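A.B. asks: Attaching a single structure in structure tokens format; questions to follow.
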Amino acid sequence: MTLRAVVKGVGHYLPERVVPNSELEVLVETSDEWIRSRSGIERRHFAAEGETTSDLATKAALAALRDAGMDASEVDAIVLATSTADLTFPSAATMVQAKLGMTRGFAFDLQAVCAGYVYALTNANALILSGQAKTVLVIGAETFSKLMDWGDRTTCVLFGDGAGALVLKAEEQPGTNADRGILSSDLNSDGRFKDLLYVDGGVSTGRTGHLRMEGKEVFRHAIEKLAETAHCALEKAGLTSDDVDWIVPHQANIRIIEGTAKRMQVSMDRVIVTVQDHGNTSAASIPLAISVGKARGQIKEGDLLVTEAIGGGLAWGSVVLRM
């Protein structure tokens, strides 16, 4: 028998405010057709005034716990992937811990921008396999609307706010690639490409700053690197693209999603797509898409999922898991 980190529950939360493309036409020189044709995005959600990343994360966590039939008191650890924590410190994860009423265990943030959730899943898996924790709440949550330069039409139309969460629990499985749980992962980064996607603020500047992106270059790297990391993770698990039930990609751009699926030789009817409704929610996009996919009746227990993402750093990676 082999110890695996098995998904016991999923959940998500989206802020109430829905922002269609037409609303952004008033702010910047753009159009609904321009946004849809270049990204596939039709609408996104923005956090309300005073609504923080930890607020979104807590609501997604509660939804995942309900889905798992568990109470927060059963959770040993929280790993929160985010680039938009409420404060410089303490971590947003400890704020979620308090809001859930947890008085035991540990919580920490993990920052790998849009690749944050595959990094978080990999770290949570390691915590479980090492015996450090038996039940881990893995959350991705972002309020990227607070980083936008509303004069830059190439970036401000792409991002949205939201949160998603998975509950992982240690379980003994037979020890084959038919096991439920996380089967493999592949993580990468290359700091030489920092200037392709970054925020021009932080403690060194004394201001929050705005998101800056070289879209064409990020697109070029994404297509190549996402397919490569997905194949690498599948190979580690002794699987191929033919075994995949669902690709759950980072929801950044429909053209990247389609290009990656094509390189992996997987048809789009086996890809979970939510980018049209949520925009790019960075580290939240993968757990949000998994939760929505389950709610739609697409993702079912026993399905093999490949999640892959790329973000600032550049950082990229993938996780293979069976629900």
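Following the order of the structure tokens, chains are lettered A, B, ..., residues in each are numbered from 1, and ligands are numbered from 1.
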Find the nearest atom pair between each residue of segment 84-124 of chain A and segment 186-204 of chain A for residues within 9 Å, count only C-alpha atoms, give distances in Å to one decimal, sort rows by chain and ascending number, and present the table as a Markdown table.
C.D. replies:
| residue | atom | partner | partner_atom | distance |
| --- | --- | --- | --- | --- |
| A:Thr88 | CA | A:Val203 | CA | 8.3 |
| A:Val118 | CA | A:Leu187 | CA | 7.9 |
| A:Tyr119 | CA | A:Leu187 | CA | 7.0 |
| A:Thr122 | CA | A:Asp186 | CA | 8.4 |
A.B. asks: Name the residues in contact with Thr52 of chain A at a cut-off of 9 Å, using only C-alpha atoms, excluding same-chain residues fewer than 4 positions from it; report them as an MDAnalysis selection string.
C.D. replies: chainID A and resid 47:48 56:57 84:86 142:143
A.B. asks: May I have the residues within 8 Å of Gly160 of chain A as a short mmCIF file (atom, residue, chain, number, x, y, z; two decimals) with C-alpha atoms, in the first residue's frame, using only C-alpha atoms and disregarding those fewer than 2 positions away in the same chain?
C.D. replies:
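Contents of part34.cif, as written:
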data_model
loop_
_atom_site.label_atom_id
_atom_site.label_comp_id
_atom_site.auth_asym_id
_atom_site.auth_seq_id
_atom_site.Cartn_x
_atom_site.Cartn_y
_atom_site.Cartn_z
CA ARG A 44 -15.02 38.59 -14.57
CA HIS A 45 -15.74 39.17 -10.87
CA PHE A 46 -14.28 41.99 -8.79
CA THR A 143 -7.78 40.02 -5.73
CA PHE A 144 -5.86 41.03 -8.84
CA SER A 145 -8.28 43.88 -9.52
CA LEU A 158 -7.67 40.18 -18.50
CA GLY A 162 -11.90 34.70 -6.93
CA HIS A 278 -13.86 34.50 -14.59
CA GLY A 279 -10.96 35.95 -16.55
CA ASN A 280 -7.47 35.26 -15.23
CA THR A 281 -7.73 34.71 -11.47
#
A.B. asks: Pick the closest to Thr30 of chain A from A:Asn123, A:Thr155, A:Thr58, A:Ser291: which is it, counting only C-alpha atoms?
C.D. replies: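 Of A:Asn123, A:Thr155, A:Thr58, A:Ser291, the one nearest Thr30 of chain A, counting only C-alpha atoms, is A:Thr155.
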A.B. asks: Check the DSSP output for the backbone and give back, as a PDB file with N, CA and C atoms, in the first residue's frame, the residues of segment 52-279 of chain A in strand (DSSP E or B).
C.D. replies:
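And here's out_1.pdb as it stands now:
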ATOM      1  N   ALA A  77      -3.339  21.633   8.368  1.00  0.00           N
ATOM      2  CA  ALA A  77      -2.537  22.680   7.744  1.00  0.00           C
ATOM      3  C   ALA A  77      -3.326  23.375   6.649  1.00  0.00           C
ATOM      4  N   ILE A  78      -2.992  24.647   6.436  1.00  0.00           N
ATOM      5  CA  ILE A  78      -3.537  25.430   5.331  1.00  0.00           C
ATOM      6  C   ILE A  78      -2.378  25.933   4.495  1.00  0.00           C
ATOM      7  N   VAL A  79      -2.439  25.651   3.193  1.00  0.00           N
ATOM      8  CA  VAL A  79      -1.479  26.216   2.249  1.00  0.00           C
ATOM      9  C   VAL A  79      -2.276  27.118   1.317  1.00  0.00           C
ATOM     10  N   LEU A  80      -1.964  28.407   1.337  1.00  0.00           N
ATOM     11  CA  LEU A  80      -2.704  29.384   0.543  1.00  0.00           C
ATOM     12  C   LEU A  80      -1.807  29.974  -0.540  1.00  0.00           C
ATOM     13  N   ALA A  81      -2.133  29.677  -1.795  1.00  0.00           N
ATOM     14  CA  ALA A  81      -1.402  30.238  -2.924  1.00  0.00           C
ATOM     15  C   ALA A  81      -2.007  31.582  -3.275  1.00  0.00           C
ATOM     16  N   PHE A 106      -1.077  24.523  11.428  1.00  0.00           N
ATOM     17  CA  PHE A 106      -0.247  25.618  10.933  1.00  0.00           C
ATOM     18  C   PHE A 106      -0.766  26.076   9.573  1.00  0.00           C
ATOM     19  N   ALA A 107      -0.374  27.291   9.198  1.00  0.00           N
ATOM     20  CA  ALA A 107      -0.850  27.879   7.947  1.00  0.00           C
ATOM     21  C   ALA A 107       0.229  28.780   7.374  1.00  0.00           C
ATOM     22  N   PHE A 108       0.349  28.772   6.037  1.00  0.00           N
ATOM     23  CA  PHE A 108       1.328  29.655   5.402  1.00  0.00           C
ATOM     24  C   PHE A 108       0.906  29.965   3.971  1.00  0.00           C
ATOM     25  N   ASP A 109       1.396  31.114   3.484  1.00  0.00           N
ATOM     26  CA  ASP A 109       1.183  31.507   2.094  1.00  0.00           C
ATOM     27  C   ASP A 109       2.294  30.957   1.215  1.00  0.00           C
ATOM     28  N   LEU A 110       1.970  30.777  -0.050  1.00  0.00           N
ATOM     29  CA  LEU A 110       2.942  30.363  -1.051  1.00  0.00           C
ATOM     30  C   LEU A 110       2.750  31.258  -2.264  1.00  0.00           C
ATOM     31  N   THR A 135      -4.376  16.079   7.021  1.00  0.00           N
ATOM     32  CA  THR A 135      -5.414  16.770   6.247  1.00  0.00           C
ATOM     33  C   THR A 135      -4.955  18.196   5.980  1.00  0.00           C
ATOM     34  N   VAL A 136      -4.912  18.556   4.692  1.00  0.00           N
ATOM     35  CA  VAL A 136      -4.421  19.874   4.295  1.00  0.00           C
ATOM     36  C   VAL A 136      -5.470  20.569   3.442  1.00  0.00           C
ATOM     37  N   LEU A 137      -5.759  21.798   3.797  1.00  0.00           N
ATOM     38  CA  LEU A 137      -6.643  22.658   3.021  1.00  0.00           C
ATOM     39  C   LEU A 137      -5.769  23.474   2.077  1.00  0.00           C
ATOM     40  N   VAL A 138      -5.927  23.254   0.777  1.00  0.00           N
ATOM     41  CA  VAL A 138      -5.092  23.918  -0.225  1.00  0.00           C
ATOM     42  C   VAL A 138      -5.962  24.926  -0.967  1.00  0.00           C
ATOM     43  N   ILE A 139      -5.638  26.203  -0.799  1.00  0.00           N
ATOM     44  CA  ILE A 139      -6.479  27.279  -1.319  1.00  0.00           C
ATOM     45  C   ILE A 139      -5.691  28.116  -2.320  1.00  0.00           C
ATOM     46  N   GLY A 140      -6.383  28.574  -3.357  1.00  0.00           N
ATOM     47  CA  GLY A 140      -5.849  29.593  -4.252  1.00  0.00           C
ATOM     48  C   GLY A 140      -6.807  30.766  -4.214  1.00  0.00           C
ATOM     49  N   ALA A 141      -6.319  31.954  -3.923  1.00  0.00           N
ATOM     50  CA  ALA A 141      -7.206  33.118  -3.803  1.00  0.00           C
ATOM     51  C   ALA A 141      -6.470  34.370  -4.254  1.00  0.00           C
ATOM     52  N   GLU A 142      -7.177  35.220  -4.995  1.00  0.00           N
ATOM     53  CA  GLU A 142      -6.549  36.437  -5.515  1.00  0.00           C
ATOM     54  C   GLU A 142      -7.558  37.581  -5.601  1.00  0.00           C
ATOM     55  N   THR A 143      -7.041  38.798  -5.429  1.00  0.00           N
ATOM     56  CA  THR A 143      -7.781  40.020  -5.730  1.00  0.00           C
ATOM     57  C   THR A 143      -6.915  40.866  -6.666  1.00  0.00           C
ATOM     58  N   PHE A 159      -7.897  40.277 -16.065  1.00  0.00           N
ATOM     59  CA  PHE A 159      -7.835  39.677 -14.743  1.00  0.00           C
ATOM     60  C   PHE A 159      -9.135  39.832 -13.950  1.00  0.00           C
ATOM     61  N   ASP A 161     -11.101  38.435  -9.872  1.00  0.00           N
ATOM     62  CA  ASP A 161     -10.899  38.003  -8.488  1.00  0.00           C
ATOM     63  C   ASP A 161     -11.702  36.731  -8.208  1.00  0.00           C
ATOM     64  N   GLY A 162     -11.184  35.911  -7.310  1.00  0.00           N
ATOM     65  CA  GLY A 162     -11.900  34.699  -6.935  1.00  0.00           C
ATOM     66  C   GLY A 162     -11.045  33.804  -6.067  1.00  0.00           C
ATOM     67  N   ALA A 163     -11.628  32.685  -5.673  1.00  0.00           N
ATOM     68  CA  ALA A 163     -10.906  31.735  -4.826  1.00  0.00           C
ATOM     69  C   ALA A 163     -11.447  30.325  -5.040  1.00  0.00           C
ATOM     70  N   GLY A 164     -10.574  29.363  -4.898  1.00  0.00           N
ATOM     71  CA  GLY A 164     -10.953  27.954  -4.966  1.00  0.00           C
ATOM     72  C   GLY A 164     -10.151  27.171  -3.953  1.00  0.00           C
ATOM     73  N   ALA A 165     -10.671  26.021  -3.549  1.00  0.00           N
ATOM     74  CA  ALA A 165      -9.992  25.236  -2.508  1.00  0.00           C
ATOM     75  C   ALA A 165     -10.241  23.745  -2.696  1.00  0.00           C
ATOM     76  N   LEU A 166      -9.254  22.965  -2.303  1.00  0.00           N
ATOM     77  CA  LEU A 166      -9.363  21.509  -2.234  1.00  0.00           C
ATOM     78  C   LEU A 166      -8.979  21.053  -0.836  1.00  0.00           C
ATOM     79  N   VAL A 167      -9.655  20.034  -0.342  1.00  0.00           N
ATOM     80  CA  VAL A 167      -9.273  19.378   0.908  1.00  0.00           C
ATOM     81  C   VAL A 167      -8.551  18.089   0.535  1.00  0.00           C
ATOM     82  N   LEU A 168      -7.294  17.987   0.946  1.00  0.00           N
ATOM     83  CA  LEU A 168      -6.496  16.780   0.711  1.00  0.00           C
ATOM     84  C   LEU A 168      -6.349  16.010   2.016  1.00  0.00           C
ATOM     85  N   LYS A 169      -6.509  14.699   1.940  1.00  0.00           N
ATOM     86  CA  LYS A 169      -6.395  13.868   3.140  1.00  0.00           C
ATOM     87  C   LYS A 169      -5.542  12.638   2.849  1.00  0.00           C
ATOM     88  N   ALA A 170      -4.718  12.268   3.813  1.00  0.00           N
ATOM     89  CA  ALA A 170      -3.864  11.094   3.666  1.00  0.00           C
ATOM     90  C   ALA A 170      -4.713   9.828   3.640  1.00  0.00           C
ATOM     91  N   GLU A 171      -4.473   8.997   2.619  1.00  0.00           N
ATOM     92  CA  GLU A 171      -5.185   7.714   2.513  1.00  0.00           C
ATOM     93  C   GLU A 171      -4.248   6.671   1.932  1.00  0.00           C
ATOM     94  N   GLU A 172      -4.374   5.459   2.400  1.00  0.00           N
ATOM     95  CA  GLU A 172      -3.625   4.346   1.816  1.00  0.00           C
ATOM     96  C   GLU A 172      -4.299   3.918   0.521  1.00  0.00           C
ATOM     97  N   GLN A 173      -3.486   3.785  -0.522  1.00  0.00           N
ATOM     98  CA  GLN A 173      -3.970   3.321  -1.821  1.00  0.00           C
ATOM     99  C   GLN A 173      -3.095   2.152  -2.278  1.00  0.00           C
ATOM    100  N   GLY A 181      -5.828  10.324  -5.776  1.00  0.00           N
ATOM    101  CA  GLY A 181      -4.884  11.223  -5.127  1.00  0.00           C
ATOM    102  C   GLY A 181      -3.862  11.792  -6.089  1.00  0.00           C
ATOM    103  N   ILE A 182      -2.917  12.549  -5.535  1.00  0.00           N
ATOM    104  CA  ILE A 182      -1.848  13.142  -6.345  1.00  0.00           C
ATOM    105  C   ILE A 182      -0.859  12.048  -6.732  1.00  0.00           C
ATOM    106  N   LEU A 183      -0.631  11.911  -8.040  1.00  0.00           N
ATOM    107  CA  LEU A 183       0.230  10.847  -8.550  1.00  0.00           C
ATOM    108  C   LEU A 183       1.619  11.356  -8.921  1.00  0.00           C
ATOM    109  N   SER A 184       1.715  12.612  -9.343  1.00  0.00           N
ATOM    110  CA  SER A 184       3.015  13.164  -9.723  1.00  0.00           C
ATOM    111  C   SER A 184       2.892  14.673  -9.891  1.00  0.00           C
ATOM    112  N   SER A 185       4.057  15.316  -9.948  1.00  0.00           N
ATOM    113  CA  SER A 185       4.091  16.756 -10.197  1.00  0.00           C
ATOM    114  C   SER A 185       5.401  17.127 -10.877  1.00  0.00           C
ATOM    115  N   ASP A 186       5.420  18.314 -11.448  1.00  0.00           N
ATOM    116  CA  ASP A 186       6.615  18.812 -12.118  1.00  0.00           C
ATOM    117  C   ASP A 186       6.645  20.324 -11.940  1.00  0.00           C
ATOM    118  N   LEU A 187       7.695  20.836 -11.317  1.00  0.00           N
ATOM    119  CA  LEU A 187       7.811  22.276 -11.046  1.00  0.00           C
ATOM    120  C   LEU A 187       9.058  22.846 -11.716  1.00  0.00           C
ATOM    121  N   ASN A 188       8.934  24.082 -12.200  1.00  0.00           N
ATOM    122  CA  ASN A 188      10.039  24.737 -12.891  1.00  0.00           C
ATOM    123  C   ASN A 188       9.986  26.247 -12.660  1.00  0.00           C
ATOM    124  N   SER A 189      11.142  26.896 -12.805  1.00  0.00           N
ATOM    125  CA  SER A 189      11.179  28.353 -12.834  1.00  0.00           C
ATOM    126  C   SER A 189      12.448  28.800 -13.547  1.00  0.00           C
ATOM    127  N   LEU A 197       6.660  39.458 -16.872  1.00  0.00           N
ATOM    128  CA  LEU A 197       5.415  39.535 -16.106  1.00  0.00           C
ATOM    129  C   LEU A 197       5.772  39.826 -14.654  1.00  0.00           C
ATOM    130  N   TYR A 198       5.412  41.012 -14.190  1.00  0.00           N
ATOM    131  CA  TYR A 198       5.799  41.413 -12.841  1.00  0.00           C
ATOM    132  C   TYR A 198       4.911  42.553 -12.367  1.00  0.00           C
ATOM    133  N   VAL A 199       5.026  42.895 -11.082  1.00  0.00           N
ATOM    134  CA  VAL A 199       4.366  44.075 -10.521  1.00  0.00           C
ATOM    135  C   VAL A 199       5.460  45.062 -10.154  1.00  0.00           C
ATOM    136  N   GLY A 202       6.254  47.155  -4.374  1.00  0.00           N
ATOM    137  CA  GLY A 202       6.651  46.253  -3.297  1.00  0.00           C
ATOM    138  C   GLY A 202       7.360  47.042  -2.214  1.00  0.00           C
ATOM    139  N   ARG A 207       5.272  51.312  -2.520  1.00  0.00           N
ATOM    140  CA  ARG A 207       3.916  51.377  -3.075  1.00  0.00           C
ATOM    141  C   ARG A 207       3.525  50.005  -3.598  1.00  0.00           C
ATOM    142  N   LEU A 211       0.459  45.687 -12.268  1.00  0.00           N
ATOM    143  CA  LEU A 211       0.913  44.548 -13.055  1.00  0.00           C
ATOM    144  C   LEU A 211       1.407  45.010 -14.416  1.00  0.00           C
ATOM    145  N   ARG A 212       2.555  44.480 -14.822  1.00  0.00           N
ATOM    146  CA  ARG A 212       3.135  44.772 -16.136  1.00  0.00           C
ATOM    147  C   ARG A 212       3.397  43.447 -16.860  1.00  0.00           C
ATOM    148  N   MET A 213       3.071  43.387 -18.139  1.00  0.00           N
ATOM    149  CA  MET A 213       3.215  42.122 -18.865  1.00  0.00           C
ATOM    150  C   MET A 213       3.574  42.348 -20.319  1.00  0.00           C
ATOM    151  N   TRP A 246      -9.484  14.797 -17.973  1.00  0.00           N
ATOM    152  CA  TRP A 246      -9.659  16.241 -18.045  1.00  0.00           C
ATOM    153  C   TRP A 246      -8.330  16.966 -17.871  1.00  0.00           C
ATOM    154  N   ILE A 247      -8.057  17.896 -18.769  1.00  0.00           N
ATOM    155  CA  ILE A 247      -7.024  18.893 -18.504  1.00  0.00           C
ATOM    156  C   ILE A 247      -7.721  20.049 -17.800  1.00  0.00           C
ATOM    157  N   VAL A 248      -7.172  20.474 -16.673  1.00  0.00           N
ATOM    158  CA  VAL A 248      -7.688  21.645 -15.966  1.00  0.00           C
ATOM    159  C   VAL A 248      -6.568  22.679 -15.962  1.00  0.00           C
ATOM    160  N   PRO A 249      -6.530  23.512 -16.995  1.00  0.00           N
ATOM    161  CA  PRO A 249      -5.410  24.447 -17.137  1.00  0.00           C
ATOM    162  C   PRO A 249      -5.628  25.735 -16.367  1.00  0.00           C
ATOM    163  N   VAL A 271     -11.222  19.399 -21.923  1.00  0.00           N
ATOM    164  CA  VAL A 271     -10.571  20.521 -21.236  1.00  0.00           C
ATOM    165  C   VAL A 271     -11.633  21.320 -20.489  1.00  0.00           C
TER     166      VAL A 271
END
A.B. asks: Report, in Å to a single decimal, how far apart atom CA of Met323 of chain A and atom CA of Ser241 of chain A are.
C.D. replies: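 Distance between the two atoms: 16.6 Å.
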A.B. asks: Identify, with DSSP run on backbone atoms, the residues in segment 194-259 of chain A assigned to helix (DSSP H, G or I), and express the list as a PyMOL selection string.
C.D. replies: chain A and resi 194-196+215-236+241-243+254-259
A.B. asks: Rank nothing, just name the residue among A:Ser83, A:Ile35, A:Ala289, A:Val6 nearest to Ala112 of chain A, using only C-alpha atoms.
C.D. replies: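 For Ala112 of chain A, the nearest of the candidates is A:Ser83.
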A.B. asks: In terms of the shortest atom-to-atom distance over only C-alpha atoms, which of A:Leu321, A:Ala309, A:Ala284, A:Ala72 is closest to Ile223 of chain A?
C.D. replies: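 Using only C-alpha atoms, Ile223 of chain A sits closest to A:Ala309.
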A.B. asks: I'd like the contact shell of Ile41 of chain A - 12 Å cut-off, only C-alpha atoms, skipping same-chain residues fewer than 6 positions apart - returned as number ranges by chain.
C.D. replies: A: 19-22, 24, 31-35, 156-160, 251-255, 273-281
A.B. asks: Would you save the residues from that selection as a PDB file, in the first residue's frame, using C-alpha atoms?
C.D. replies:
ATOM      1  CA  VAL A  19     -17.973  43.008 -14.588  1.00  0.00           C
ATOM      2  CA  PRO A  20     -18.851  42.365 -18.257  1.00  0.00           C
ATOM      3  CA  ASN A  21     -16.571  43.516 -21.046  1.00  0.00           C
ATOM      4  CA  SER A  22     -19.013  46.302 -21.838  1.00  0.00           C
ATOM      5  CA  LEU A  24     -14.567  48.111 -19.298  1.00  0.00           C
ATOM      6  CA  SER A  31     -14.354  46.642 -27.012  1.00  0.00           C
ATOM      7  CA  ASP A  32     -16.142  43.450 -26.154  1.00  0.00           C
ATOM      8  CA  GLU A  33     -15.095  41.996 -29.516  1.00  0.00           C
ATOM      9  CA  TRP A  34     -11.428  42.950 -28.979  1.00  0.00           C
ATOM     10  CA  ILE A  35     -11.314  41.305 -25.540  1.00  0.00           C
ATOM     11  CA  CYS A 156      -6.626  45.461 -17.102  1.00  0.00           C
ATOM     12  CA  VAL A 157      -9.217  43.581 -19.171  1.00  0.00           C
ATOM     13  CA  LEU A 158      -7.672  40.178 -18.502  1.00  0.00           C
ATOM     14  CA  PHE A 159      -7.835  39.677 -14.743  1.00  0.00           C
ATOM     15  CA  GLY A 160     -10.496  38.941 -12.143  1.00  0.00           C
ATOM     16  CA  GLN A 251      -7.424  29.999 -17.111  1.00  0.00           C
ATOM     17  CA  ALA A 252      -5.443  32.869 -18.611  1.00  0.00           C
ATOM     18  CA  ASN A 253      -6.289  32.956 -22.291  1.00  0.00           C
ATOM     19  CA  ILE A 254      -8.408  30.679 -24.478  1.00  0.00           C
ATOM     20  CA  ARG A 255      -5.746  30.675 -27.205  1.00  0.00           C
ATOM     21  CA  VAL A 273     -12.759  26.010 -19.591  1.00  0.00           C
ATOM     22  CA  THR A 274     -13.983  28.803 -17.304  1.00  0.00           C
ATOM     23  CA  VAL A 275     -11.928  31.743 -18.590  1.00  0.00           C
ATOM     24  CA  GLN A 276     -14.969  33.252 -20.314  1.00  0.00           C
ATOM     25  CA  ASP A 277     -16.731  33.755 -16.980  1.00  0.00           C
ATOM     26  CA  HIS A 278     -13.855  34.499 -14.592  1.00  0.00           C
ATOM     27  CA  GLY A 279     -10.959  35.951 -16.553  1.00  0.00           C
ATOM     28  CA  ASN A 280      -7.474  35.259 -15.230  1.00  0.00           C
ATOM     29  CA  THR A 281      -7.730  34.711 -11.469  1.00  0.00           C
TER      30      THR A 281
END
A.B. asks: Which of these, A:Asp303, A:Glu228, A:Glu235, A:Asp76, has the shortest distance to Ala178 of chain A once you count only C-alpha atoms?
C.D. replies: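 The answer is A:Asp303, which sits nearest to Ala178 of chain A.
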A.B. asks: Could you check the closest approach to Met268 of chain A for each of A:Val28, A:Val292, A:Ser285, A:Ile256 and tell me which residue wins, using only C-alpha atoms?
C.D. replies: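 The shortest atom-to-atom distance to Met268 of chain A comes from A:Ile256.
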